[in-house]
Amino acid sequence: MTRAKAAFAPTFTRAMYTVPEWAEACGIGETRVREHIADGNLVPSYLDPVESGKRRTMYIPLEEGLRWIRTLPTE
C-alpha cells in the first residue's frame, strides 16, 4: 500500500522576510533565492540606509514573494 505525499503549504505570517527566512519558508536553498534575485525574477527591498562599507540587508516583501511564486513554471 502506498501513501500519497501530503501537500505542503507554508503559512506566511509576516510582511517581510530576510533571504534565509524566505528560502526556509519556501523549502529551497538560499543560493537559489539569491540566483533569482540576481536574475531580476525576485525583487528584494532594503530597509537599511547605505553606510560606508556596510552591506544592506535584503528583505523579501510577502507580496513580491508570492508574485514570484506564481510566476514559477508548473512543470
# chains A, B, ... in the order shown; residues from 1 in each chain; ligands from 1

$ residues_around --residues "A:Val33" --least-positions-apart "2" --cutoff "9 Å" --atoms "only C-alpha atoms" --output "list of chain:residue names"
A:Val19, A:Pro20, A:Trp22, A:Ala23, A:Ile28, A:Gly29, A:Glu30, A:Thr31, A:Glu35, A:His36, A:Ile37, A:Ala38, A:Leu42

$ select_by_dssp --residues "chain A" --states "alpha helix (DSSP H)" --output "MDAnalysis selection string"
chainID A and resid 19:26 30:38 62:71

$ write_last_selection --atoms "C-alpha atoms" --output "PDB file, in the first residue's frame"
ATOM      1  CA  VAL A  19      16.613  35.929   2.274  1.00  0.00           C
ATOM      2  CA  PRO A  20      17.442  32.979   4.589  1.00  0.00           C
ATOM      3  CA  GLU A  21      13.955  33.129   6.141  1.00  0.00           C
ATOM      4  CA  TRP A  22      12.283  33.244   2.711  1.00  0.00           C
ATOM      5  CA  ALA A  23      14.338  30.298   1.486  1.00  0.00           C
ATOM      6  CA  GLU A  24      13.380  28.261   4.549  1.00  0.00           C
ATOM      7  CA  ALA A  25       9.693  29.186   4.270  1.00  0.00           C
ATOM      8  CA  CYS A  26       9.688  28.092   0.617  1.00  0.00           C
ATOM      9  CA  GLU A  30      19.285  30.372  -0.004  1.00  0.00           C
ATOM     10  CA  THR A  31      21.585  30.218  -3.035  1.00  0.00           C
ATOM     11  CA  ARG A  32      18.602  29.552  -5.303  1.00  0.00           C
ATOM     12  CA  VAL A  33      16.759  32.576  -3.878  1.00  0.00           C
ATOM     13  CA  ARG A  34      19.822  34.764  -4.433  1.00  0.00           C
ATOM     14  CA  GLU A  35      20.096  33.490  -8.036  1.00  0.00           C
ATOM     15  CA  HIS A  36      16.514  34.567  -8.711  1.00  0.00           C
ATOM     16  CA  ILE A  37      17.272  37.963  -7.172  1.00  0.00           C
ATOM     17  CA  ALA A  38      20.398  38.352  -9.335  1.00  0.00           C
ATOM     18  CA  LEU A  62       5.415  38.986   1.163  1.00  0.00           C
ATOM     19  CA  GLU A  63       3.504  40.303  -1.850  1.00  0.00           C
ATOM     20  CA  GLU A  64       6.654  40.220  -4.017  1.00  0.00           C
ATOM     21  CA  GLY A  65       7.490  36.722  -2.848  1.00  0.00           C
ATOM     22  CA  LEU A  66       4.002  35.476  -3.610  1.00  0.00           C
ATOM     23  CA  ARG A  67       4.119  37.148  -7.041  1.00  0.00           C
ATOM     24  CA  TRP A  68       7.407  35.357  -7.709  1.00  0.00           C
ATOM     25  CA  ILE A  69       5.971  32.008  -6.627  1.00  0.00           C
ATOM     26  CA  ARG A  70       3.030  32.444  -9.026  1.00  0.00           C
ATOM     27  CA  THR A  71       5.453  33.012 -11.930  1.00  0.00           C
TER      28      THR A  71
END

$ residues_around --residues "A:Asp48" --least-positions-apart "3" --cutoff "9 Å" --atoms "only C-alpha atoms" --output "VMD selection string"
chain A and resid 51 55 to 58

$ residues_around --residues "A:Met16" --least-positions-apart "6" --cutoff "8 Å" --atoms "only C-alpha atoms" --output "ChimeraX atom specification"
/A:59-62

$ select_by_dssp --residues "chain A" --states "strand (DSSP E or B)" --output "MDAnalysis selection string"
chainID A and resid 16:18 45:46 58:61

$ atom_distance --atom1 "atom CA of A:Thr11" --atom2 "atom CA of A:Pro44"
19.7 Å

$ decode --residues "stretch 24-67 of chain A" --atoms "N, CA and C atoms" --output "compact mmCIF listing (two decimals), in the first residue's frame"
# COMPACT_ATOMS: atom_id res chain seq x y z
N GLU A 24 13.88 29.29 3.65
CA GLU A 24 13.38 28.26 4.55
C GLU A 24 11.86 28.12 4.43
N ALA A 25 11.15 29.23 4.37
CA ALA A 25 9.69 29.19 4.27
C ALA A 25 9.24 28.52 2.98
N CYS A 26 10.04 28.68 1.92
CA CYS A 26 9.69 28.09 0.62
C CYS A 26 10.25 26.69 0.44
N GLY A 27 11.14 26.29 1.32
CA GLY A 27 11.72 24.95 1.23
C GLY A 27 12.76 24.82 0.14
N ILE A 28 13.44 25.92 -0.16
CA ILE A 28 14.51 25.91 -1.16
C ILE A 28 15.77 26.47 -0.54
N GLY A 29 16.88 26.36 -1.25
CA GLY A 29 18.14 26.86 -0.73
C GLY A 29 18.28 28.37 -0.88
N GLU A 30 19.02 28.94 0.02
CA GLU A 30 19.28 30.37 0.00
C GLU A 30 19.99 30.77 -1.30
N THR A 31 20.88 29.92 -1.79
CA THR A 31 21.58 30.22 -3.03
C THR A 31 20.60 30.36 -4.19
N ARG A 32 19.61 29.49 -4.24
CA ARG A 32 18.60 29.55 -5.30
C ARG A 32 17.83 30.87 -5.24
N VAL A 33 17.46 31.30 -4.04
CA VAL A 33 16.76 32.58 -3.88
C VAL A 33 17.64 33.71 -4.39
N ARG A 34 18.90 33.71 -4.00
CA ARG A 34 19.82 34.76 -4.43
C ARG A 34 20.03 34.75 -5.95
N GLU A 35 19.99 33.58 -6.57
CA GLU A 35 20.10 33.49 -8.04
C GLU A 35 18.90 34.17 -8.69
N HIS A 36 17.71 33.93 -8.16
CA HIS A 36 16.51 34.57 -8.71
C HIS A 36 16.54 36.08 -8.51
N ILE A 37 17.11 36.52 -7.40
CA ILE A 37 17.27 37.96 -7.17
C ILE A 37 18.25 38.54 -8.20
N ALA A 38 19.39 37.88 -8.39
CA ALA A 38 20.40 38.35 -9.33
C ALA A 38 19.86 38.39 -10.76
N ASP A 39 18.98 37.44 -11.11
CA ASP A 39 18.39 37.40 -12.45
C ASP A 39 17.25 38.39 -12.62
N GLY A 40 16.85 39.05 -11.54
CA GLY A 40 15.76 40.03 -11.61
C GLY A 40 14.38 39.43 -11.52
N ASN A 41 14.28 38.14 -11.22
CA ASN A 41 12.98 37.48 -11.12
C ASN A 41 12.29 37.75 -9.79
N LEU A 42 13.07 37.97 -8.75
CA LEU A 42 12.57 38.23 -7.41
C LEU A 42 13.22 39.53 -6.95
N VAL A 43 12.39 40.52 -6.63
CA VAL A 43 12.91 41.85 -6.33
C VAL A 43 12.86 42.11 -4.82
N PRO A 44 14.02 42.23 -4.19
CA PRO A 44 14.05 42.47 -2.75
C PRO A 44 13.87 43.96 -2.43
N SER A 45 13.62 44.24 -1.17
CA SER A 45 13.57 45.61 -0.67
C SER A 45 14.69 45.77 0.34
N TYR A 46 15.03 47.01 0.61
CA TYR A 46 16.10 47.32 1.57
C TYR A 46 15.58 48.34 2.57
N LEU A 47 15.71 48.04 3.85
CA LEU A 47 15.29 48.98 4.88
C LEU A 47 16.48 49.74 5.46
N ASP A 48 17.65 49.14 5.38
CA ASP A 48 18.84 49.72 6.00
C ASP A 48 19.37 50.86 5.15
N PRO A 49 19.80 51.95 5.77
CA PRO A 49 20.42 53.02 4.99
C PRO A 49 21.78 52.56 4.48
N VAL A 50 22.21 53.15 3.39
CA VAL A 50 23.52 52.81 2.85
C VAL A 50 24.57 53.49 3.72
N GLU A 51 25.42 52.68 4.32
CA GLU A 51 26.50 53.21 5.14
C GLU A 51 27.82 52.74 4.54
N SER A 52 28.79 53.56 4.62
CA SER A 52 30.08 53.26 4.03
C SER A 52 30.63 51.92 4.51
N GLY A 53 30.88 51.02 3.56
CA GLY A 53 31.49 49.74 3.88
C GLY A 53 30.56 48.69 4.44
N LYS A 54 29.29 49.02 4.64
CA LYS A 54 28.36 48.05 5.21
C LYS A 54 27.46 47.49 4.12
N ARG A 55 27.13 46.22 4.25
CA ARG A 55 26.17 45.60 3.34
C ARG A 55 24.76 45.90 3.82
N ARG A 56 23.88 46.14 2.90
CA ARG A 56 22.49 46.38 3.25
C ARG A 56 21.76 45.03 3.34
N THR A 57 20.85 44.93 4.28
CA THR A 57 20.07 43.71 4.44
C THR A 57 18.93 43.69 3.44
N MET A 58 18.83 42.59 2.68
CA MET A 58 17.73 42.42 1.73
C MET A 58 16.56 41.77 2.43
N TYR A 59 15.38 42.23 2.11
CA TYR A 59 14.15 41.65 2.61
C TYR A 59 13.27 41.30 1.43
N ILE A 60 12.52 40.23 1.55
CA ILE A 60 11.56 39.85 0.53
C ILE A 60 10.18 40.22 1.07
N PRO A 61 9.55 41.26 0.49
CA PRO A 61 8.19 41.58 0.92
C PRO A 61 7.25 40.43 0.54
N LEU A 62 6.30 40.12 1.38
CA LEU A 62 5.41 38.99 1.16
C LEU A 62 4.74 39.05 -0.20
N GLU A 63 4.20 40.20 -0.57
CA GLU A 63 3.50 40.30 -1.85
C GLU A 63 4.44 40.02 -3.03
N GLU A 64 5.68 40.49 -2.95
CA GLU A 64 6.65 40.22 -4.02
C GLU A 64 7.00 38.75 -4.06
N GLY A 65 7.18 38.14 -2.90
CA GLY A 65 7.49 36.72 -2.85
C GLY A 65 6.37 35.87 -3.42
N LEU A 66 5.14 36.22 -3.08
CA LEU A 66 4.00 35.48 -3.61
C LEU A 66 3.86 35.68 -5.11
N ARG A 67 4.14 36.89 -5.60
CA ARG A 67 4.12 37.15 -7.04
C ARG A 67 5.14 36.26 -7.73
